[in-house]
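Structure file structure_32.json (JSON, C-alpha atoms) is printed below.
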```json
[["chain", "number", "residue", "atom", "x", "y", "z"],
["A", 1028, "MET", "CA", 15.29, -49.15, -75.16],
["A", 1029, "GLU", "CA", 15.93, -47.48, -78.51],
["A", 1030, "GLY", "CA", 13.83, -46.71, -81.57],
["A", 1031, "GLU", "CA", 10.09, -46.21, -81.97],
["A", 1032, "GLY", "CA", 8.18, -46.59, -78.71],
["A", 1033, "ASN", "CA", 11.13, -45.88, -76.40],
["A", 1034, "GLY", "CA", 9.85, -46.64, -72.88],
["A", 1035, "ALA", "CA", 6.88, -48.80, -73.92],
["A", 1036, "ARG", "CA", 6.26, -51.91, -71.80],
["A", 1037, "PHE", "CA", 4.80, -55.32, -72.58],
["A", 1038, "PHE", "CA", 3.89, -57.89, -69.95],
["A", 1039, "PHE", "CA", 3.86, -61.58, -70.85],
["A", 1040, "SER", "CA", 3.03, -64.63, -68.74],
["A", 1041, "GLU", "CA", 3.03, -68.24, -69.93],
["A", 1042, "GLY", "CA", 3.52, -66.99, -73.49],
["A", 1043, "LYS", "CA", 0.49, -64.70, -73.45],
["A", 1044, "LEU", "CA", 0.44, -60.89, -73.59],
["A", 1045, "LEU", "CA", -1.29, -59.68, -70.41],
["A", 1046, "GLY", "CA", -0.93, -55.96, -70.98],
["A", 1047, "ALA", "CA", 0.96, -53.27, -72.86],
["A", 1048, "THR", "CA", 1.37, -49.51, -72.83],
["A", 1049, "GLU", "CA", 1.56, -49.34, -76.64],
["A", 1050, "GLU", "CA", 0.42, -52.71, -77.96],
["A", 1051, "MET", "CA", 0.35, -51.78, -81.65],
["A", 1052, "LEU", "CA", 4.14, -51.30, -81.76],
["A", 1053, "LEU", "CA", 4.88, -55.02, -82.16],
["A", 1054, "SER", "CA", 3.80, -57.50, -84.79],
["A", 1055, "GLU", "CA", 2.27, -60.82, -83.71],
["A", 1056, "GLU", "CA", 5.46, -62.58, -84.77],
["A", 1057, "GLU", "CA", 7.59, -60.25, -82.64],
["A", 1058, "LYS", "CA", 5.31, -60.76, -79.63],
["A", 1059, "LYS", "CA", 5.63, -64.55, -79.91],
["A", 1060, "MET", "CA", 9.41, -64.30, -80.20],
["A", 1061, "LEU", "CA", 9.72, -62.09, -77.12],
["A", 1062, "ALA", "CA", 7.31, -64.21, -75.05],
["A", 1063, "CYS", "CA", 9.44, -67.31, -75.69],
["A", 1064, "ARG", "CA", 12.73, -65.81, -74.52],
["A", 1065, "LYS", "CA", 14.27, -67.95, -71.76],
["A", 1066, "GLU", "CA", 16.77, -65.46, -70.33],
["A", 1067, "SER", "CA", 16.95, -61.75, -69.59],
["A", 1068, "GLY", "CA", 18.90, -59.67, -72.08],
["A", 1069, "LEU", "CA", 18.86, -57.33, -75.05],
["A", 1070, "VAL", "CA", 17.07, -58.20, -78.29],
["A", 1071, "GLU", "CA", 17.66, -56.22, -81.47],
["A", 1072, "LEU", "CA", 14.74, -56.11, -83.90],
["A", 1073, "GLU", "CA", 14.70, -54.41, -87.27],
["A", 1074, "ARG", "CA", 13.46, -51.06, -85.95],
["A", 1075, "ARG", "CA", 14.32, -51.04, -82.28],
["A", 1076, "LYS", "CA", 16.29, -52.48, -79.36],
["A", 1077, "ILE", "CA", 14.29, -54.20, -76.61],
["A", 1078, "PHE", "CA", 15.30, -55.35, -73.12],
["A", 1079, "VAL", "CA", 13.60, -58.62, -72.20],
["A", 1080, "GLU", "CA", 13.42, -59.23, -68.48],
["A", 1081, "ARG", "CA", 12.28, -62.59, -67.15],
["A", 1082, "LEU", "CA", 11.04, -61.76, -63.68],
["A", 1083, "ARG", "CA", 11.58, -64.09, -60.77],
["A", 1084, "LYS", "CA", 8.70, -64.59, -58.39],
["A", 1085, "PRO", "CA", 9.68, -64.67, -54.70],
["A", 1086, "ASP", "CA", 11.04, -68.17, -54.10],
["A", 1087, "HIS", "CA", 8.87, -70.14, -51.70],
["A", 1088, "LEU", "CA", 10.59, -72.40, -49.17],
["A", 1089, "VAL", "CA", 8.50, -74.98, -47.35],
["A", 1090, "ILE", "CA", 10.18, -76.42, -44.25],
["A", 1091, "CYS", "CA", 8.71, -79.61, -42.82],
["A", 1092, "GLY", "CA", 9.76, -79.68, -39.18],
["A", 1093, "GLY", "CA", 10.45, -77.13, -36.48],
["A", 1094, "GLY", "CA", 13.52, -78.33, -34.60],
["A", 1095, "HIS", "CA", 16.75, -76.45, -34.01],
["A", 1096, "VAL", "CA", 18.11, -76.94, -37.56],
["A", 1097, "ALA", "CA", 14.75, -75.94, -39.05],
["A", 1098, "GLN", "CA", 14.68, -72.76, -36.94],
["A", 1099, "GLN", "CA", 18.16, -71.69, -38.01],
["A", 1100, "THR", "CA", 17.34, -72.55, -41.63],
["A", 1101, "ALA", "CA", 14.20, -70.40, -41.54],
["A", 1102, "LEU", "CA", 16.20, -67.50, -40.10],
["A", 1103, "LEU", "CA", 18.81, -67.68, -42.89],
["A", 1104, "ALA", "CA", 16.20, -68.28, -45.58],
["A", 1105, "LYS", "CA", 14.43, -65.03, -44.71],
["A", 1106, "GLN", "CA", 17.74, -63.15, -44.82],
["A", 1107, "THR", "CA", 18.43, -64.50, -48.31],
["A", 1108, "GLY", "CA", 15.05, -63.59, -49.80],
["A", 1109, "PHE", "CA", 12.89, -66.70, -49.48],
["A", 1110, "GLN", "CA", 9.24, -66.63, -48.50],
["A", 1111, "VAL", "CA", 9.07, -69.28, -45.77],
["A", 1112, "THR", "CA", 6.23, -71.60, -44.83],
["A", 1113, "ALA", "CA", 6.80, -73.96, -41.89],
["A", 1114, "LEU", "CA", 4.91, -77.16, -41.10],
["A", 1115, "GLU", "CA", 5.14, -78.49, -37.55],
["A", 1116, "ASP", "CA", 2.70, -80.60, -35.51],
["A", 1117, "ARG", "CA", 3.99, -79.56, -32.07],
["A", 1118, "PRO", "CA", 2.66, -76.14, -30.91],
["A", 1119, "LEU", "CA", 5.82, -75.31, -28.95],
["A", 1120, "PHE", "CA", 8.05, -75.80, -31.99],
["A", 1121, "ALA", "CA", 5.54, -74.12, -34.30],
["A", 1122, "ASP", "CA", 5.86, -71.02, -32.10],
["A", 1123, "ALA", "CA", 9.66, -71.27, -32.38],
["A", 1124, "MET", "CA", 9.37, -71.19, -36.18],
["A", 1125, "ARG", "CA", 7.27, -68.03, -35.93],
["A", 1126, "ARG", "CA", 9.97, -66.43, -33.82],
["A", 1127, "ALA", "CA", 12.56, -67.53, -36.40],
["A", 1128, "GLY", "CA", 10.72, -65.39, -38.96],
["A", 1129, "ALA", "CA", 8.60, -67.86, -40.97],
["A", 1130, "ASP", "CA", 5.96, -65.97, -42.98],
["A", 1131, "GLU", "CA", 3.40, -68.71, -42.43],
["A", 1132, "VAL", "CA", 3.30, -71.52, -39.87],
["A", 1133, "ILE", "CA", 0.90, -74.44, -40.26],
["A", 1134, "CYS", "CA", 0.52, -76.28, -36.96],
["A", 1135, "ASP", "CA", -1.01, -79.58, -38.05],
["A", 1136, "ASN", "CA", 0.06, -83.12, -38.78],
["A", 1137, "PHE", "CA", 2.38, -83.25, -41.79],
["A", 1138, "GLU", "CA", 0.01, -85.12, -44.08],
["A", 1139, "SER", "CA", -2.81, -82.61, -43.59],
["A", 1140, "GLY", "CA", -0.47, -79.62, -43.62],
["A", 1141, "LEU", "CA", 1.07, -80.54, -46.97],
["A", 1142, "LYS", "CA", -2.38, -80.83, -48.54],
["A", 1143, "LYS", "CA", -2.70, -77.07, -47.95],
["A", 1144, "ILE", "CA", 0.42, -76.33, -50.04],
["A", 1145, "GLN", "CA", 0.05, -76.39, -53.79],
["A", 1146, "GLY", "CA", 3.70, -76.37, -54.84],
["A", 1147, "GLY", "CA", 5.01, -74.91, -58.10],
["A", 1148, "SER", "CA", 8.08, -74.21, -60.22],
["A", 1149, "GLY", "CA", 9.37, -71.76, -57.59],
["A", 1150, "THR", "CA", 8.65, -73.91, -54.52],
["A", 1151, "TYR", "CA", 11.52, -75.47, -52.57],
["A", 1152, "PHE", "CA", 10.80, -78.24, -50.06],
["A", 1153, "LEU", "CA", 13.01, -79.12, -47.10],
["A", 1154, "ILE", "CA", 12.22, -82.15, -44.95],
["A", 1155, "LEU", "CA", 13.80, -81.58, -41.54],
["A", 1156, "THR", "CA", 11.49, -83.56, -39.27],
["A", 1157, "ARG", "CA", 12.35, -85.33, -36.04],
["A", 1158, "GLY", "CA", 12.01, -88.91, -37.25],
["A", 1159, "HIS", "CA", 12.18, -91.40, -40.11],
["A", 1160, "ARG", "CA", 8.40, -92.01, -40.08],
["A", 1161, "TYR", "CA", 7.61, -88.32, -40.50],
["A", 1162, "ASP", "CA", 10.27, -87.99, -43.22],
["A", 1163, "GLY", "CA", 8.51, -90.71, -45.20],
["A", 1164, "ILE", "CA", 5.10, -89.06, -44.86],
["A", 1165, "CYS", "CA", 6.46, -85.72, -46.05],
["A", 1166, "LEU", "CA", 8.57, -87.15, -48.85],
["A", 1167, "ARG", "CA", 5.74, -89.16, -50.35],
["A", 1168, "ALA", "CA", 3.47, -86.12, -50.30],
["A", 1169, "VAL", "CA", 6.04, -83.74, -51.77],
["A", 1170, "LEU", "CA", 6.91, -86.11, -54.62],
["A", 1171, "GLN", "CA", 3.33, -85.66, -55.85],
["A", 1172, "LYS", "CA", 3.74, -81.88, -56.15],
["A", 1173, "GLU", "CA", 5.37, -79.59, -58.68],
["A", 1174, "ARG", "CA", 8.61, -78.31, -57.17],
["A", 1175, "ALA", "CA", 11.92, -76.63, -57.85],
["A", 1176, "TYR", "CA", 13.89, -78.59, -55.26],
["A", 1177, "ILE", "CA", 13.46, -81.23, -52.58],
["A", 1178, "GLY", "CA", 15.96, -81.91, -49.81],
["A", 1179, "MET", "CA", 15.85, -84.21, -46.77],
["A", 1180, "MET", "CA", 18.13, -84.23, -43.72],
["A", 1181, "ALA", "CA", 19.38, -87.77, -43.19],
["A", 1182, "SER", "CA", 22.53, -89.85, -42.96],
["A", 1183, "ARG", "CA", 23.76, -91.46, -46.19],
["A", 1184, "GLY", "CA", 22.56, -94.84, -44.99],
["A", 1185, "ARG", "CA", 19.12, -93.58, -44.05],
["A", 1186, "ALA", "CA", 18.79, -91.70, -47.32],
["A", 1187, "ALA", "CA", 19.76, -94.79, -49.32],
["A", 1188, "ALA", "CA", 17.25, -96.92, -47.39],
["A", 1189, "MET", "CA", 14.48, -94.38, -48.06],
["A", 1190, "LYS", "CA", 15.25, -94.30, -51.78],
["A", 1191, "LYS", "CA", 15.25, -98.11, -51.94],
["A", 1192, "GLU", "CA", 11.89, -98.19, -50.14],
["A", 1193, "LEU", "CA", 10.37, -95.66, -52.55],
["A", 1194, "SER", "CA", 11.80, -97.46, -55.56],
["A", 1195, "GLY", "CA", 10.02, -100.61, -54.37],
["A", 1196, "GLU", "CA", 6.80, -98.58, -54.33],
["A", 1197, "GLY", "CA", 7.23, -97.69, -58.00],
["A", 1198, "VAL", "CA", 8.90, -94.27, -57.76],
["A", 1199, "SER", "CA", 11.12, -93.82, -60.82],
["A", 1200, "GLN", "CA", 14.89, -93.54, -60.57],
["A", 1201, "GLU", "CA", 14.73, -90.18, -62.34],
["A", 1202, "THR", "CA", 12.45, -88.81, -59.62],
["A", 1203, "LEU", "CA", 14.60, -90.24, -56.84],
["A", 1204, "GLU", "CA", 17.67, -88.53, -58.28],
["A", 1205, "GLU", "CA", 15.95, -85.18, -57.66],
["A", 1206, "LEU", "CA", 16.14, -85.79, -53.92],
["A", 1207, "HIS", "CA", 19.04, -84.01, -52.21],
["A", 1208, "SER", "CA", 19.82, -86.21, -49.26],
["A", 1209, "PRO", "CA", 21.90, -85.82, -47.19],
["A", 1210, "VAL", "CA", 20.82, -82.24, -47.74],
["A", 1211, "GLY", "CA", 23.28, -79.32, -47.86],
["A", 1212, "LEU", "CA", 26.74, -78.71, -49.26],
["A", 1213, "SER", "CA", 29.58, -80.68, -47.73],
["A", 1214, "ILE", "CA", 31.30, -78.16, -45.44],
["A", 1215, "HIS", "CA", 31.77, -80.48, -42.42],
["A", 1216, "ALA", "CA", 28.96, -78.67, -40.60],
["A", 1217, "GLU", "CA", 28.26, -79.73, -37.01],
["A", 1218, "THR", "CA", 26.08, -77.22, -35.15],
["A", 1219, "PRO", "CA", 22.47, -76.36, -36.15],
["A", 1220, "SER", "CA", 23.66, -72.97, -37.41],
["A", 1221, "GLU", "CA", 26.42, -74.51, -39.53],
["A", 1222, "ILE", "CA", 24.07, -77.14, -40.94],
["A", 1223, "ALA", "CA", 21.61, -74.37, -41.82],
["A", 1224, "VAL", "CA", 24.38, -72.52, -43.69],
["A", 1225, "SER", "CA", 25.16, -75.64, -45.74],
["A", 1226, "ILE", "CA", 21.47, -76.14, -46.56],
["A", 1227, "ILE", "CA", 20.82, -72.55, -47.60],
["A", 1228, "ALA", "CA", 24.02, -72.53, -49.66],
["A", 1229, "GLU", "CA", 22.75, -75.54, -51.63],
["A", 1230, "LEU", "CA", 19.35, -73.89, -52.10],
["A", 1231, "ILE", "CA", 20.98, -70.71, -53.43],
["A", 1232, "MET", "CA", 23.22, -72.71, -55.76],
["A", 1233, "ASN", "CA", 20.20, -74.45, -57.28],
["A", 1234, "LYS", "CA", 18.02, -71.34, -57.35],
["A", 1235, "ASN", "CA", 20.57, -69.20, -59.17],
["A", 1236, "LYS", "CA", 21.03, -71.67, -61.99],
["A", 1237, "LYS", "CA", 17.86, -70.11, -63.40],
["A", 1238, "LYS", "CA", 18.78, -66.97, -65.34],
["A", 1239, "LYS", "CA", 16.05, -64.63, -64.15],
["A", 1240, "THR", "CA", 16.26, -61.17, -62.64],
["A", 1241, "SER", "CA", 15.01, -60.09, -59.26],
["A", 1242, "GLY", "CA", 12.58, -57.64, -60.86],
["A", 1243, "TYR", "CA", 11.04, -55.13, -58.46],
["A", 1244, "ASP", "CA", 11.53, -55.70, -54.75],
["A", 1245, "ASP", "CA", 9.06, -54.47, -52.13],
["A", 1246, "ALA", "CA", 10.84, -51.14, -51.60],
["A", 1247, "LEU", "CA", 10.80, -50.33, -55.32],
["A", 1248, "LEU", "CA", 7.16, -51.34, -55.72],
["A", 1249, "ASP", "CA", 6.16, -49.27, -52.72],
["A", 1250, "CYS", "CA", 7.88, -46.22, -54.18],
["A", 1251, "LEU", "CA", 6.27, -46.73, -57.60],
["A", 1252, "ARG", "CA", 2.71, -47.10, -56.27],
["A", 1253, "ALA", "CA", 0.34, -44.40, -57.49],
["A", 1254, "ASP", "CA", -0.95, -43.81, -53.96],
["A", 1255, "HIS", "CA", 2.51, -43.42, -52.42],
["A", 1256, "PRO", "CA", 2.52, -40.23, -50.25],
["A", 1257, "GLU", "CA", 5.56, -38.89, -52.09],
["A", 1258, "ASN", "CA", 4.43, -39.95, -55.56],
["A", 1259, "ARG", "CA", 6.06, -37.66, -58.11],
["A", 1260, "LYS", "CA", 8.25, -37.70, -61.18],
["A", 1261, "MET", "CA", 11.25, -40.00, -60.71],
["A", 1262, "ALA", "CA", 13.95, -41.69, -62.76],
["A", 1263, "LEU", "CA", 14.43, -45.44, -62.96],
["A", 1264, "ALA", "CA", 17.86, -46.87, -63.81],
["A", 1265, "THR", "CA", 17.99, -50.54, -64.92],
["A", 1266, "ILE", "CA", 21.11, -52.56, -65.74],
["A", 1267, "ILE", "CA", 20.46, -54.15, -69.15],
["A", 1268, "SER", "CA", 23.90, -55.69, -69.85],
["A", 1269, "ARG", "CA", 27.18, -56.23, -68.02],
["A", 1270, "LYS", "CA", 30.74, -57.35, -68.69],
["A", 1271, "GLY", "CA", 33.65, -58.14, -66.39],
["A", 1272, "SER", "CA", 33.35, -57.81, -62.61],
["A", 1273, "ALA", "CA", 30.44, -55.39, -62.44],
["A", 1274, "PRO", "CA", 29.02, -55.77, -58.92],
["A", 1275, "ARG", "CA", 25.32, -56.21, -59.79],
["A", 1276, "GLU", "CA", 23.42, -58.43, -62.22],
["A", 1277, "ILE", "CA", 21.24, -57.65, -65.25],
["A", 1278, "GLY", "CA", 17.84, -56.33, -64.17],
["A", 1279, "THR", "CA", 19.09, -54.60, -61.01],
["A", 1280, "LYS", "CA", 17.23, -51.31, -60.52],
["A", 1281, "MET", "CA", 17.54, -47.98, -58.72],
["A", 1282, "ILE", "CA", 15.01, -45.15, -58.40],
["A", 1283, "VAL", "CA", 16.23, -41.55, -58.18],
["A", 1284, "THR", "CA", 13.95, -38.68, -57.08],
["A", 1285, "PRO", "CA", 14.49, -35.02, -58.06],
["A", 1286, "ASP", "CA", 16.02, -34.22, -54.66],
["A", 1287, "GLY", "CA", 18.67, -36.92, -55.12],
["A", 1288, "LYS", "CA", 17.18, -39.60, -52.88],
["A", 1289, "THR", "CA", 17.59, -43.19, -54.06],
["A", 1290, "VAL", "CA", 15.69, -46.44, -53.57],
["A", 1291, "GLY", "CA", 17.70, -49.57, -54.35],
["A", 1292, "THR", "CA", 21.28, -49.76, -55.56],
["A", 1293, "ILE", "CA", 22.99, -50.77, -58.78],
["A", 1294, "GLY", "CA", 26.41, -51.35, -57.26],
["A", 1295, "GLY", "CA", 27.39, -48.39, -55.12],
["A", 1296, "GLY", "CA", 30.61, -46.41, -55.33],
["A", 1297, "CYS", "CA", 31.69, -43.91, -57.98],
["A", 1298, "MET", "CA", 29.93, -45.72, -60.84],
["A", 1299, "GLU", "CA", 26.56, -45.52, -59.12],
["A", 1300, "ASN", "CA", 27.17, -41.88, -58.23],
["A", 1301, "ARG", "CA", 27.80, -41.02, -61.89],
["A", 1302, "ILE", "CA", 24.58, -42.75, -62.88],
["A", 1303, "LEU", "CA", 22.70, -40.90, -60.13],
["A", 1304, "HIS", "CA", 23.84, -37.58, -61.63],
["A", 1305, "GLN", "CA", 22.77, -38.75, -65.09],
["A", 1306, "CYS", "CA", 19.32, -39.52, -63.64],
["A", 1307, "LEU", "CA", 19.07, -36.07, -62.07],
["A", 1308, "ARG", "CA", 20.00, -34.51, -65.40],
["A", 1309, "LEU", "CA", 17.33, -36.61, -67.10],
["A", 1310, "LEU", "CA", 14.74, -35.39, -64.60],
["A", 1311, "ARG", "CA", 15.74, -31.76, -65.17],
["A", 1312, "GLU", "CA", 15.96, -31.95, -68.95],
["A", 1313, "ASN", "CA", 13.30, -34.50, -69.89],
["A", 1314, "THR", "CA", 12.78, -33.12, -73.39],
["A", 1315, "SER", "CA", 13.22, -34.49, -76.88],
["A", 1316, "ALA", "CA", 16.88, -33.43, -76.62],
["A", 1317, "PHE", "CA", 17.47, -35.73, -73.65],
["A", 1318, "PRO", "CA", 14.86, -38.53, -73.73],
["A", 1319, "ASN", "CA", 14.94, -41.92, -72.04],
["A", 1320, "ARG", "CA", 18.28, -43.37, -73.02],
["A", 1321, "VAL", "CA", 20.90, -46.10, -72.69],
["A", 1322, "ILE", "CA", 24.21, -45.11, -71.14],
["A", 1323, "GLN", "CA", 27.40, -47.07, -70.55],
["A", 1324, "GLU", "CA", 29.48, -46.87, -67.40],
["A", 1325, "LYS", "CA", 32.85, -48.45, -66.73],
["A", 1326, "MET", "CA", 34.31, -49.23, -63.33],
["A", 1327, "THR", "CA", 38.04, -48.59, -63.29],
["A", 1328, "ALA", "CA", 40.47, -51.07, -61.71],
["A", 1329, "GLN", "CA", 40.99, -48.66, -58.80],
["A", 1330, "GLU", "CA", 37.22, -48.33, -58.20],
["A", 1331, "ALA", "CA", 36.86, -52.10, -58.43],
["A", 1332, "GLY", "CA", 39.59, -52.55, -55.82],
["A", 1333, "GLU", "CA", 37.78, -50.19, -53.48],
["A", 1334, "GLU", "CA", 34.62, -52.31, -53.93],
["A", 1335, "GLY", "CA", 36.54, -55.53, -53.21],
["A", 1336, "LEU", "CA", 36.39, -56.83, -56.80],
["A", 1337, "VAL", "CA", 39.23, -58.42, -58.76],
["A", 1338, "CYS", "CA", 39.02, -56.08, -61.74],
["A", 1339, "GLY", "CA", 36.78, -53.49, -63.36],
["A", 1340, "GLY", "CA", 33.59, -54.06, -65.30],
["A", 1341, "THR", "CA", 31.25, -52.32, -67.73],
["A", 1342, "ILE", "CA", 27.48, -51.97, -67.50],
["A", 1343, "GLN", "CA", 24.83, -50.62, -69.83],
["A", 1344, "VAL", "CA", 22.03, -48.86, -68.00],
["A", 1345, "TYR", "CA", 18.63, -47.75, -69.28],
["A", 1346, "LEU", "CA", 17.47, -44.46, -67.79],
["A", 1347, "GLU", "CA", 13.81, -43.46, -67.97],
["A", 1348, "VAL", "CA", 11.46, -40.96, -66.39],
["A", 1349, "LEU", "CA", 8.36, -42.38, -64.69]]
```
Can I see the file as structure tokens?
Amino acid sequence: MEGEGNGARFFFSEGKLLGATEEMLLSEEEKKMLACRKESGLVELERRKIFVERLRKPDHLVICGGGHVAQQTALLAKQTGFQVTALEDRPLFADAMRRAGADEVICDNFESGLKKIQGGSGTYFLILTRGHRYDGICLRAVLQKERAYIGMMASRGRAAAMKKELSGEGVSQETLEELHSPVGLSIHAETPSEIAVSIIAELIMNKNKKKKTSGYDDALLDCLRADHPENRKMALATIISRKGSAPREIGTKMIVTPDGKTVGTIGGGCMENRILHQCLRLLRENTSAFPNRVIQEKMTAQEAGEEGLVCGGTIQVYLEVL
């Protein structure tokens, strides 16, 4: 953000440097330190200030079952940013999951279908089948996979009986405690739509415990592509720190083109409008006198009230020309 190499980028995965725009800027010790950072935020080195952004891959939700609750859950999951895979052995209900917006539908028996899903640290499993026998098949298969979350729709009694059965098969107590069953937050839900709300709310609560940023969504990536029909010089604004009731999180981004068009939002209102004008100035005067820079914007109490927030907040934003 500041100092030698302003605007340089380094891409790490699993502790390894995959690529860099100016690799020689950092020592090996500095690279190792940055690669091991667990949360997004600013890091001050001896010669420069660096923004470390831990990017979140699209969260993958696997729904076992295609009944009414599963359909409503898939619908809400898509609206809240999950990539949804549905497993259902009945063609009629598999079609219903497609209509509900699932990205992928596997119409097969549950045992075979789950063999096609690898799992991973960003994979969430929901078991919403039509019967106890199918729940058991899915649960046993999912417990063998890497996962971020596992939930099963069941009564308390049925859930307790399933855990006791699995414990008798040698499944550890620690593993059984990972199972969210009955699934969903306790909001006295009754209808399929209400139950879906409680389930998705619990998923979001667990997902957002991980301090990662959303990175670049599809709209931003599309705009940044070299082959985009309107590819031209543009400014990128990224929130790198926040205090108080600022409306958006660290890592939130907005692109501004020379004609004032924007892609994405960093909070809306007067604060965003001021940043937009700073971006336009940067595009006009991109010289050594006005290079990529960090600016600070404060939302007044009045502006916060207009945005529905309790009080104002302050954000630091990095502006750069791409």
For segment 1205-1208 of chain A, work out the shell of residues within 9 Å, counting all atoms listed in the file and skipping chain neighbours fewer than 6 positions away, then give it as a PyMOL selection string.
chain A and resi 1176-1183+1186-1187+1190
(Q) Give me the residues near Asp1245 of chain A as number ranges by chain, where near means some atom within 12 Å (using only C-alpha atoms) and where sequence neighbours in that chain fewer than 5 positions away do not count. (A) A: 1084-1085, 1108, 1250-1252, 1290-1291
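We find atom CA of Gly1295 of chain A and atom CA of Lys1105 of chain A to be spaced 23.5 Å apart.
With atom CA of Ala1223 of chain A on one side and atom CA of Ile1293 of chain A on the other, the separation reads 29.1 Å.
The point (14.0, -59.7, -68.9) has these residues within 9 Å of it, counting only C-alpha atoms: Arg1064, Lys1065, Glu1066, Ser1067, Gly1068, Leu1069, Phe1078, Val1079, Glu1080, Arg1081, Leu1082, Lys1239, Thr1240, Gly1242, Ile1267, Ile1277 and Gly1278 of chain A.
Omitting Asp1130 of chain A and its sequence neighbours fewer than 3 positions away, and counting only C-alpha atoms, the residues within 9 Å are Lys1105, Gln1110, Val1111, Thr1112, Ala1113 and Arg1125 of chain A.
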_Here is a test: counting only C-alpha atoms, which residue of A:Tyr1345, A:Phe1152, A:Tyr1243, A:Phe1039 is nearest to Pro1318 of chain A?_
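For Pro1318 of chain A, the nearest of the given residues is A:Tyr1345.
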Length of the atom CA of Met1189 of chain A to atom CA of Gly1163 of chain A vector [Å]: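 Computing the Euclidean distance for atom CA of Met1189 of chain A and atom CA of Gly1163 of chain A yields 7.6 Å.
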*Spatial neighbours of Leu1088 of chain A, max dist 12 Å, only C-alpha atoms, sep filter under 5 positions, as a PyMOL selection string*: chain A and resi 1097+1100-1105+1107-1114+1129-1132+1144+1146-1154+1174-1178+1226-1227+1230-1231+1234
Practice task
Choose the residue, out of A:Gly1195, A:Leu1309, A:Glu1276, A:Thr1292, that has the smallest atom-to-atom separation from Gly1340 of chain A; count only C-alpha atoms.
Solution key: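 That would be A:Glu1276, the residue with the smallest distance to Gly1340 of chain A.
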Glu1057 of chain A proximity check over A:Leu1303, A:Ala1121, A:Ala1216, A:Val1070, using all atoms listed in the file: winner is A:Val1070
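Among the candidates A:Lys1280, A:His1159, A:Arg1074, A:Arg1167, the residue lying nearest to Gly1030 of chain A is A:Arg1074 (atoms considered: all atoms listed in the file).
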Choose the residue, out of A:Asp1286, A:Met1028, A:Ser1040, A:Met1232, that has the smallest atom-to-atom separation from Arg1083 of chain A; count all atoms listed in the file.
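Of all the options, A:Ser1040 lies closest to Arg1083 of chain A.
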| field | Minimum-distance residue to Leu1307 of chain A, chosen among A:Gly1211, A:Gly1140, A:Gly1287, A:Gly1093 (using only C-alpha atoms) | value |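 Result for the nearest residue to Leu1307 of chain A: A:Gly1287.
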Which residues are close to Gln1145 of chain A, i.e. within 8 Å by only C-alpha atoms, leaving aside same-chain residues fewer than 2 positions away? Reply as a ChimeraX atom specification. /A:1142-1143,1147,1172-1173
